[in-house]
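One file, query-v9.pdb, carrying PDB, C-alpha atoms, pLDDT in the B column:
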```pdb
ATOM      1  CA  MET A 276      12.460 -10.168  30.161  1.00 45.00           C
ATOM      2  CA  HIS A 277      11.722 -13.586  28.799  1.00 55.00           C
ATOM      3  CA  GLY A 278       9.086 -13.701  26.050  1.00 54.00           C
ATOM      4  CA  THR A 279       8.890  -9.928  25.586  1.00 55.00           C
ATOM      5  CA  ARG A 280       8.842  -8.853  21.940  1.00 59.00           C
ATOM      6  CA  LEU A 281       9.511  -5.440  20.527  1.00 59.00           C
ATOM      7  CA  PRO A 282       6.493  -3.785  18.912  1.00 64.00           C
ATOM      8  CA  GLN A 283       6.104  -4.411  15.203  1.00 87.00           C
ATOM      9  CA  VAL A 284       6.551  -1.588  12.718  1.00 92.00           C
ATOM     10  CA  THR A 285       3.860  -1.224  10.079  1.00 93.00           C
ATOM     11  CA  VAL A 286       4.639  -0.539   6.439  1.00 93.00           C
ATOM     12  CA  ALA A 287       3.030   2.918   6.737  1.00 92.00           C
ATOM     13  CA  ALA A 288       5.312   3.876   9.649  1.00 93.00           C
ATOM     14  CA  PHE A 289       8.311   2.357   7.862  1.00 94.00           C
ATOM     15  CA  LEU A 290       7.639   4.370   4.685  1.00 92.00           C
ATOM     16  CA  ALA A 291       7.174   7.565   6.715  1.00 92.00           C
ATOM     17  CA  SER A 292      10.553   7.004   8.398  1.00 91.00           C
ATOM     18  CA  LEU A 293      12.116   6.201   5.049  1.00 89.00           C
ATOM     19  CA  ARG A 294      10.781   9.440   3.502  1.00 89.00           C
ATOM     20  CA  ALA A 295      12.024  11.402   6.517  1.00 91.00           C
ATOM     21  CA  GLY A 296      15.461   9.814   6.176  1.00 89.00           C
ATOM     22  CA  THR A 297      15.488   8.572   9.770  1.00 90.00           C
ATOM     23  CA  LEU A 298      16.203   4.880   9.142  1.00 89.00           C
ATOM     24  CA  PRO A 299      19.724   3.956  10.286  1.00 88.00           C
ATOM     25  CA  GLU A 300      19.574   0.935   7.935  1.00 88.00           C
ATOM     26  CA  GLY A 301      19.638   3.294   4.940  1.00 85.00           C
ATOM     27  CA  PRO A 302      17.439   4.004   1.931  1.00 84.00           C
ATOM     28  CA  ARG A 303      17.406   0.371   0.707  1.00 87.00           C
ATOM     29  CA  ALA A 304      16.090  -0.955   4.036  1.00 93.00           C
ATOM     30  CA  GLU A 305      13.326  -3.556   4.037  1.00 94.00           C
ATOM     31  CA  LEU A 306      10.618  -4.523   6.498  1.00 94.00           C
ATOM     32  CA  VAL A 307      10.194  -8.231   7.308  1.00 93.00           C
ATOM     33  CA  ASN A 308       7.670  -9.376   9.910  1.00 92.00           C
ATOM     34  CA  GLY A 309       7.493  -5.847  11.297  1.00 94.00           C
ATOM     35  CA  ARG A 310      11.265  -5.621  11.783  1.00 93.00           C
ATOM     36  CA  VAL A 311      13.474  -3.206   9.834  1.00 94.00           C
ATOM     37  CA  ARG A 312      16.575  -4.711   8.281  1.00 92.00           C
ATOM     38  CA  ALA A 313      19.264  -3.472   5.955  1.00 91.00           C
ATOM     39  CA  ALA A 314      19.051  -4.865   2.448  1.00 85.00           C
ATOM     40  CA  ARG A 315      22.012  -6.806   1.110  1.00 85.00           C
ATOM     41  CA  LEU A 316      23.571  -5.141  -1.903  1.00 86.00           C
ATOM     42  CA  PRO A 317      24.157  -7.395  -4.911  1.00 89.00           C
ATOM     43  CA  SER A 318      27.731  -8.378  -5.782  1.00 92.00           C
ATOM     44  CA  PRO A 319      29.256  -7.097  -9.055  1.00 94.00           C
ATOM     45  CA  LYS A 320      28.382 -10.398 -10.780  1.00 93.00           C
ATOM     46  CA  GLU A 321      24.797 -10.223  -9.489  1.00 94.00           C
ATOM     47  CA  THR A 322      24.554  -6.574 -10.544  1.00 94.00           C
ATOM     48  CA  ALA A 323      25.647  -7.564 -14.061  1.00 93.00           C
ATOM     49  CA  LEU A 324      22.924 -10.263 -14.153  1.00 94.00           C
ATOM     50  CA  LEU A 325      20.275  -7.760 -13.055  1.00 94.00           C
ATOM     51  CA  ALA A 326      21.493  -5.232 -15.647  1.00 94.00           C
ATOM     52  CA  HIS A 327      21.304  -7.953 -18.342  1.00 94.00           C
ATOM     53  CA  LEU A 328      17.712  -8.772 -17.375  1.00 94.00           C
ATOM     54  CA  ALA A 329      16.709  -5.098 -16.993  1.00 93.00           C
ATOM     55  CA  ALA A 330      18.067  -4.334 -20.475  1.00 93.00           C
ATOM     56  CA  GLN A 331      15.849  -7.054 -21.961  1.00 93.00           C
ATOM     57  CA  LEU A 332      12.743  -5.988 -20.036  1.00 90.00           C
ATOM     58  CA  GLY A 333      13.409  -2.306 -20.744  1.00 86.00           C
ATOM     59  CA  GLY A 334      14.047  -2.800 -24.474  1.00 84.00           C
ATOM     60  CA  HIS A 335      11.890  -1.692 -27.384  1.00 82.00           C
ATOM     61  CA  GLU A 336       9.598  -4.762 -27.487  1.00 83.00           C
ATOM     62  CA  PRO A 337       8.563  -4.723 -23.799  1.00 83.00           C
ATOM     63  CA  THR A 338       8.248  -0.930 -23.746  1.00 82.00           C
ATOM     64  CA  ALA A 339       6.030  -1.013 -26.846  1.00 81.00           C
ATOM     65  CA  ALA A 340       3.939  -3.701 -25.123  1.00 81.00           C
ATOM     66  CA  GLY A 341       3.447  -1.391 -22.120  1.00 85.00           C
ATOM     67  CA  VAL A 342       5.933  -2.963 -19.692  1.00 88.00           C
ATOM     68  CA  VAL A 343       8.109  -1.030 -17.241  1.00 90.00           C
ATOM     69  CA  ALA A 344      11.076  -2.666 -15.469  1.00 91.00           C
ATOM     70  CA  VAL A 345      11.880  -1.273 -12.001  1.00 92.00           C
ATOM     71  CA  LEU A 346      15.111  -2.015 -10.111  1.00 92.00           C
ATOM     72  CA  ALA A 347      14.894  -2.261  -6.285  1.00 92.00           C
ATOM     73  CA  ALA A 348      11.105  -2.036  -6.516  1.00 92.00           C
ATOM     74  CA  PRO A 349       9.463  -1.678  -3.077  1.00 93.00           C
ATOM     75  CA  LEU A 350       6.609  -4.205  -2.832  1.00 95.00           C
ATOM     76  CA  ARG A 351       4.132  -4.001   0.039  1.00 95.00           C
ATOM     77  CA  LEU A 352       3.456  -7.664   0.708  1.00 95.00           C
ATOM     78  CA  SER A 353       1.438  -7.283   3.920  1.00 94.00           C
ATOM     79  CA  PRO A 354       0.884  -4.637   6.637  1.00 94.00           C
ATOM     80  CA  TRP A 355       4.226  -5.737   8.177  1.00 93.00           C
ATOM     81  CA  ASP A 356       6.278  -6.713   5.119  1.00 95.00           C
ATOM     82  CA  LEU A 357       7.886  -4.545   2.450  1.00 95.00           C
ATOM     83  CA  LEU A 358      10.597  -6.140   0.337  1.00 95.00           C
ATOM     84  CA  ARG A 359      12.692  -4.490  -2.351  1.00 94.00           C
ATOM     85  CA  ALA A 360      12.542  -6.813  -5.319  1.00 95.00           C
ATOM     86  CA  ASP A 361      15.835  -6.722  -7.185  1.00 95.00           C
ATOM     87  CA  LEU A 362      13.825  -6.270 -10.389  1.00 95.00           C
ATOM     88  CA  ALA A 363      10.105  -6.185 -11.080  1.00 95.00           C
ATOM     89  CA  ALA A 364       8.149  -5.722 -14.299  1.00 93.00           C
ATOM     90  CA  PHE A 365       4.839  -3.855 -14.187  1.00 93.00           C
ATOM     91  CA  PRO A 366       2.274  -2.598 -16.650  1.00 90.00           C
ATOM     92  CA  ALA A 367       3.264   0.906 -17.763  1.00 82.00           C
ATOM     93  CA  PRO A 368       1.913   3.796 -15.612  1.00 74.00           C
ATOM     94  CA  GLY A 369      -1.687   4.437 -16.385  1.00 60.00           C
ATOM     95  CA  ARG A 370      -2.169   0.711 -16.992  1.00 47.00           C
ATOM     96  CA  ARG A 371      -1.975  -0.331 -13.305  1.00 47.00           C
ATOM     97  CA  GLY A 372       1.711  -0.303 -12.333  1.00 43.00           C
ATOM     98  CA  GLU A 373       2.179   3.115 -10.759  1.00 48.00           C
ATOM     99  CA  LEU A 374       3.229   3.670  -7.159  1.00 49.00           C
ATOM    100  CA  GLY A 375      -0.222   3.505  -5.667  1.00 49.00           C
ATOM    101  CA  LEU A 376       0.258   2.261  -2.121  1.00 47.00           C
ATOM    102  CA  GLY A 377       1.894   5.293  -0.533  1.00 54.00           C
ATOM    103  CA  GLY A 378       5.367   4.745  -1.962  1.00 68.00           C
ATOM    104  CA  SER A 379       5.261   1.050  -2.794  1.00 82.00           C
ATOM    105  CA  TYR A 380       4.023  -1.130  -5.638  1.00 90.00           C
ATOM    106  CA  ASP A 381       1.124  -3.566  -5.513  1.00 91.00           C
ATOM    107  CA  PRO A 382       2.670  -7.077  -5.731  1.00 93.00           C
ATOM    108  CA  ALA A 383      -0.438  -8.466  -7.438  1.00 91.00           C
ATOM    109  CA  ALA A 384       0.121  -5.982 -10.300  1.00 92.00           C
ATOM    110  CA  ALA A 385       3.645  -7.297 -10.946  1.00 93.00           C
ATOM    111  CA  LEU A 386       3.983  -9.175 -14.206  1.00 93.00           C
ATOM    112  CA  LEU A 387       7.267 -10.658 -13.012  1.00 94.00           C
ATOM    113  CA  VAL A 388       9.551 -10.334  -9.967  1.00 97.00           C
ATOM    114  CA  ALA A 389      13.233 -11.313 -10.146  1.00 96.00           C
ATOM    115  CA  GLU A 390      15.526 -11.765  -7.157  1.00 95.00           C
ATOM    116  CA  VAL A 391      19.171 -12.683  -6.823  1.00 94.00           C
ATOM    117  CA  VAL A 392      19.479 -15.762  -4.593  1.00 92.00           C
ATOM    118  CA  ARG A 393      20.501 -14.753  -1.061  1.00 82.00           C
ATOM    119  CA  GLY A 394      21.128 -18.206   0.354  1.00 82.00           C
ATOM    120  CA  ARG A 395      18.385 -19.819   2.403  1.00 79.00           C
ATOM    121  CA  ASP A 396      16.617 -16.490   3.036  1.00 76.00           C
ATOM    122  CA  THR A 397      15.381 -16.415  -0.544  1.00 81.00           C
ATOM    123  CA  GLN A 398      13.615 -19.791  -0.553  1.00 82.00           C
ATOM    124  CA  GLY A 399      12.742 -19.994   3.126  1.00 86.00           C
ATOM    125  CA  GLU A 400      11.577 -16.453   3.830  1.00 91.00           C
ATOM    126  CA  ARG A 401      11.266 -14.245   0.761  1.00 93.00           C
ATOM    127  CA  ALA A 402       9.578 -16.643  -1.697  1.00 95.00           C
ATOM    128  CA  PRO A 403       6.716 -17.521   0.713  1.00 95.00           C
ATOM    129  CA  LEU A 404       6.099 -13.795   1.342  1.00 96.00           C
ATOM    130  CA  TYR A 405       5.886 -13.144  -2.401  1.00 96.00           C
ATOM    131  CA  ALA A 406       3.572 -16.140  -2.891  1.00 97.00           C
ATOM    132  CA  ALA A 407       1.276 -15.084  -0.039  1.00 96.00           C
ATOM    133  CA  ALA A 408       1.045 -11.574  -1.544  1.00 96.00           C
ATOM    134  CA  GLY A 409       0.005 -12.972  -4.937  1.00 95.00           C
ATOM    135  CA  VAL A 410       3.162 -12.455  -7.006  1.00 96.00           C
ATOM    136  CA  ARG A 411       2.341 -14.706  -9.960  1.00 96.00           C
ATOM    137  CA  GLU A 412       5.865 -15.316 -11.199  1.00 97.00           C
ATOM    138  CA  LEU A 413       9.145 -15.169  -9.252  1.00 97.00           C
ATOM    139  CA  TRP A 414      12.525 -15.683 -10.882  1.00 97.00           C
ATOM    140  CA  LEU A 415      15.429 -16.579  -8.605  1.00 96.00           C
ATOM    141  CA  LEU A 416      18.759 -15.826 -10.277  1.00 95.00           C
ATOM    142  CA  ASP A 417      21.499 -17.990  -8.788  1.00 94.00           C
ATOM    143  CA  ALA A 418      24.790 -16.437  -9.915  1.00 91.00           C
ATOM    144  CA  ALA A 419      26.876 -18.923  -7.933  1.00 89.00           C
ATOM    145  CA  ARG A 420      25.282 -22.041  -9.442  1.00 90.00           C
ATOM    146  CA  GLY A 421      24.535 -20.503 -12.828  1.00 91.00           C
ATOM    147  CA  TYR A 422      20.820 -21.172 -13.251  1.00 93.00           C
ATOM    148  CA  THR A 423      17.458 -19.435 -12.936  1.00 95.00           C
ATOM    149  CA  GLU A 424      14.679 -20.992 -10.886  1.00 96.00           C
ATOM    150  CA  VAL A 425      11.216 -19.941 -12.052  1.00 97.00           C
ATOM    151  CA  LEU A 426       8.446 -20.213  -9.453  1.00 97.00           C
ATOM    152  CA  ARG A 427       4.812 -19.931 -10.542  1.00 97.00           C
ATOM    153  CA  SER A 428       1.294 -20.698  -9.333  1.00 96.00           C
ATOM    154  CA  PRO A 429       1.190 -19.225  -5.811  1.00 96.00           C
ATOM    155  CA  TRP A 430      -1.206 -20.966  -3.456  1.00 94.00           C
ATOM    156  CA  ARG A 431      -1.440 -20.607   0.334  1.00 93.00           C
ATOM    157  CA  GLY A 432       1.952 -18.941   0.674  1.00 92.00           C
ATOM    158  CA  LEU A 433       3.834 -21.420  -1.516  1.00 95.00           C
ATOM    159  CA  TYR A 434       4.645 -21.754  -5.190  1.00 96.00           C
ATOM    160  CA  ARG A 435       3.280 -24.935  -6.770  1.00 96.00           C
ATOM    161  CA  SER A 436       5.344 -24.844  -9.972  1.00 97.00           C
ATOM    162  CA  ARG A 437       9.156 -24.847 -10.054  1.00 96.00           C
ATOM    163  CA  THR A 438      11.306 -24.969 -13.193  1.00 96.00           C
ATOM    164  CA  LEU A 439      15.077 -24.644 -13.622  1.00 95.00           C
ATOM    165  CA  TRP A 440      16.500 -22.784 -16.628  1.00 95.00           C
ATOM    166  CA  TYR A 441      20.164 -22.961 -17.494  1.00 94.00           C
ATOM    167  CA  PRO A 442      22.378 -20.176 -18.885  1.00 94.00           C
ATOM    168  CA  GLY A 443      21.428 -19.123 -22.401  1.00 94.00           C
ATOM    169  CA  GLU A 444      17.944 -20.685 -22.283  1.00 95.00           C
ATOM    170  CA  ALA A 445      15.049 -18.396 -23.151  1.00 94.00           C
ATOM    171  CA  VAL A 446      12.087 -18.157 -20.772  1.00 94.00           C
ATOM    172  CA  ARG A 447       8.646 -16.828 -21.689  1.00 93.00           C
ATOM    173  CA  PRO A 448       7.082 -15.021 -18.725  1.00 92.00           C
ATOM    174  CA  LEU A 449       3.406 -15.932 -18.358  1.00 92.00           C
ATOM    175  CA  ALA A 450       2.152 -12.340 -18.551  1.00 89.00           C
ATOM    176  CA  LEU A 451       4.442 -11.179 -21.380  1.00 87.00           C
ATOM    177  CA  GLU A 452       4.471 -11.969 -25.086  1.00 85.00           C
ATOM    178  CA  LEU A 453       8.252 -12.174 -25.417  1.00 87.00           C
ATOM    179  CA  GLU A 454      11.137 -14.446 -24.587  1.00 91.00           C
ATOM    180  CA  VAL A 455      13.805 -13.388 -22.101  1.00 92.00           C
ATOM    181  CA  VAL A 456      17.200 -14.940 -21.427  1.00 93.00           C
ATOM    182  CA  PRO A 457      17.552 -14.344 -17.667  1.00 92.00           C
ATOM    183  CA  MET A 458      21.112 -15.659 -17.426  1.00 90.00           C
ATOM    184  CA  PRO A 459      23.470 -15.239 -20.379  1.00 89.00           C
ATOM    185  CA  ALA A 460      25.401 -18.242 -21.687  1.00 87.00           C
ATOM    186  CA  PRO A 461      28.994 -18.401 -20.434  1.00 82.00           C
TER     187      PRO A 461
END
```
Let me see whether you can do it: turn the structure in this file into structure tokens.
Amino acid sequence: MHGTRLPQVTVAAFLASLRAGTLPEGPRAELVNGRVRAARLPSPKETALLAHLAAQLGGHEPTAAGVVAVLAAPLRLSPWDLLRADLAAFPAPGRRGELGLGGSYDPAAALLVAEVVRGRDTQGERAPLYAAAGVRELWLLDAARGYTEVLRSPWRGLYRSRTLWYPGEAVRPLALELEVVPMPAP
């Protein structure tokens, strides 16, 4: 049938299926435009980058400042979109960052979201979804090219500020009073 589309799945139905364990795409599945898709697992090099960043955001200084770093954080971006951010930093529970949307985090509460670059999907599809949902700061870690792209100032589904940071350079997230080195020097 030409022009016939399958019905969209809402985030609520997706989360219910996820809790019931009935998603064939597995526990790391995501919902994009009402369609369930399996999440790509990071490579060993990308996993090492995420661990490096998580160690900095989960250290003594950020923890004392009330910051919690969450790996594979489910962010409800719209009624039909739920992405698993590779890493997201939130205010500590009790300060606004708890799971409050039925098993997902509020993207507007995120202090920082970091994603490993997944080719064109990251810039063309994922970044606009994060911007439209109000994620204030998105870091794109490009393991292949060796730099971090920092996107800020979301407006109408796009980020208006873009800065490249090279390996070993320290970045100061807007909402945090500390410097982070997202990509270690070679």
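Within the file as shown, the PyMOL selection byres ((chain A and resi 280-297) around 6) identifies Thr279, Leu298, Gly309, Pro354 and Trp355 of chain A.
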Q | Point-to-point distance in Å for atom CA of Gly399 of chain A and atom CA of Pro429 of chain A | A |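 If I compute the distance from atom CA of Pro429 of chain A to atom CA of Gly399 of chain A, I get 14.6 Å.
In this structure, atom CA of Thr322 of chain A sits 19.5 Å away from atom CA of Arg395 of chain A.
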(Q) Taking the file as I've supplied it (selection: the PyMOL selection byres ((chain A and resi 347) around 6)), which residues are included? Please answer as a PyMOL selection string. (A) chain A and resi 346+348+359-362
(Q) To one decimal place in Å, what is the distance between atom CA of Arg435 of chain A and atom CA of Leu404 of chain A? (A)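 Atom CA of Arg435 of chain A sits 14.1 Å away from atom CA of Leu404 of chain A.
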Q: Pull out every residue that the PyMOL selection byres ((chain A and resi 329) around 12) matches in the shown coordinates and put them as an MDAnalysis selection string.
A: chainID A and resid 322:328 330:335 337:338 342:347 361:364 387:390 455:458
Find the axis-aligned box for segment 439-443 of chain A, covering all its listed atoms and adding 5 Å on each side, and write its centre and edge lengths in Å to one decimal as JSON.
```
{"center_x": 18.7, "center_y": -21.9, "center_z": -18.0, "size_x": 17.3, "size_y": 15.5, "size_z": 18.8}
```
Q) Of the candidates A:Val392, A:Glu444, A:Asp356, A:Leu451, which one gets nearest to Glu412 of chain A if we count all atoms listed in the file? A) A:Leu451
(Q) I need every residue sitting at most 10 Å from the point (4.8, -11.6, -23.8) (coordinates as in the file, all atoms listed in the file considered), written as an MDAnalysis selection string. (A) chainID A and resid 336:337 340 342 386 447:455
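The nearest approach to Asp381 of chain A among the residues A:Arg401, A:Arg393, A:Arg351, A:Arg312, with only C-alpha atoms taken into account, belongs to A:Arg351.
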Q: Would you mind telling me which residue in A:Ala445, A:Ala460, A:Leu350, A:Leu439 lies nearest to Gly409 of chain A when using all atoms listed in the file?
A: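 Answer, going by the shortest atom-to-atom distance: A:Leu350.
Shortest atom-to-atom contact with Arg437 of chain A among A:Ala402, A:Ala407, A:Pro366, A:Ala419: A:Ala402, counting all atoms listed in the file.
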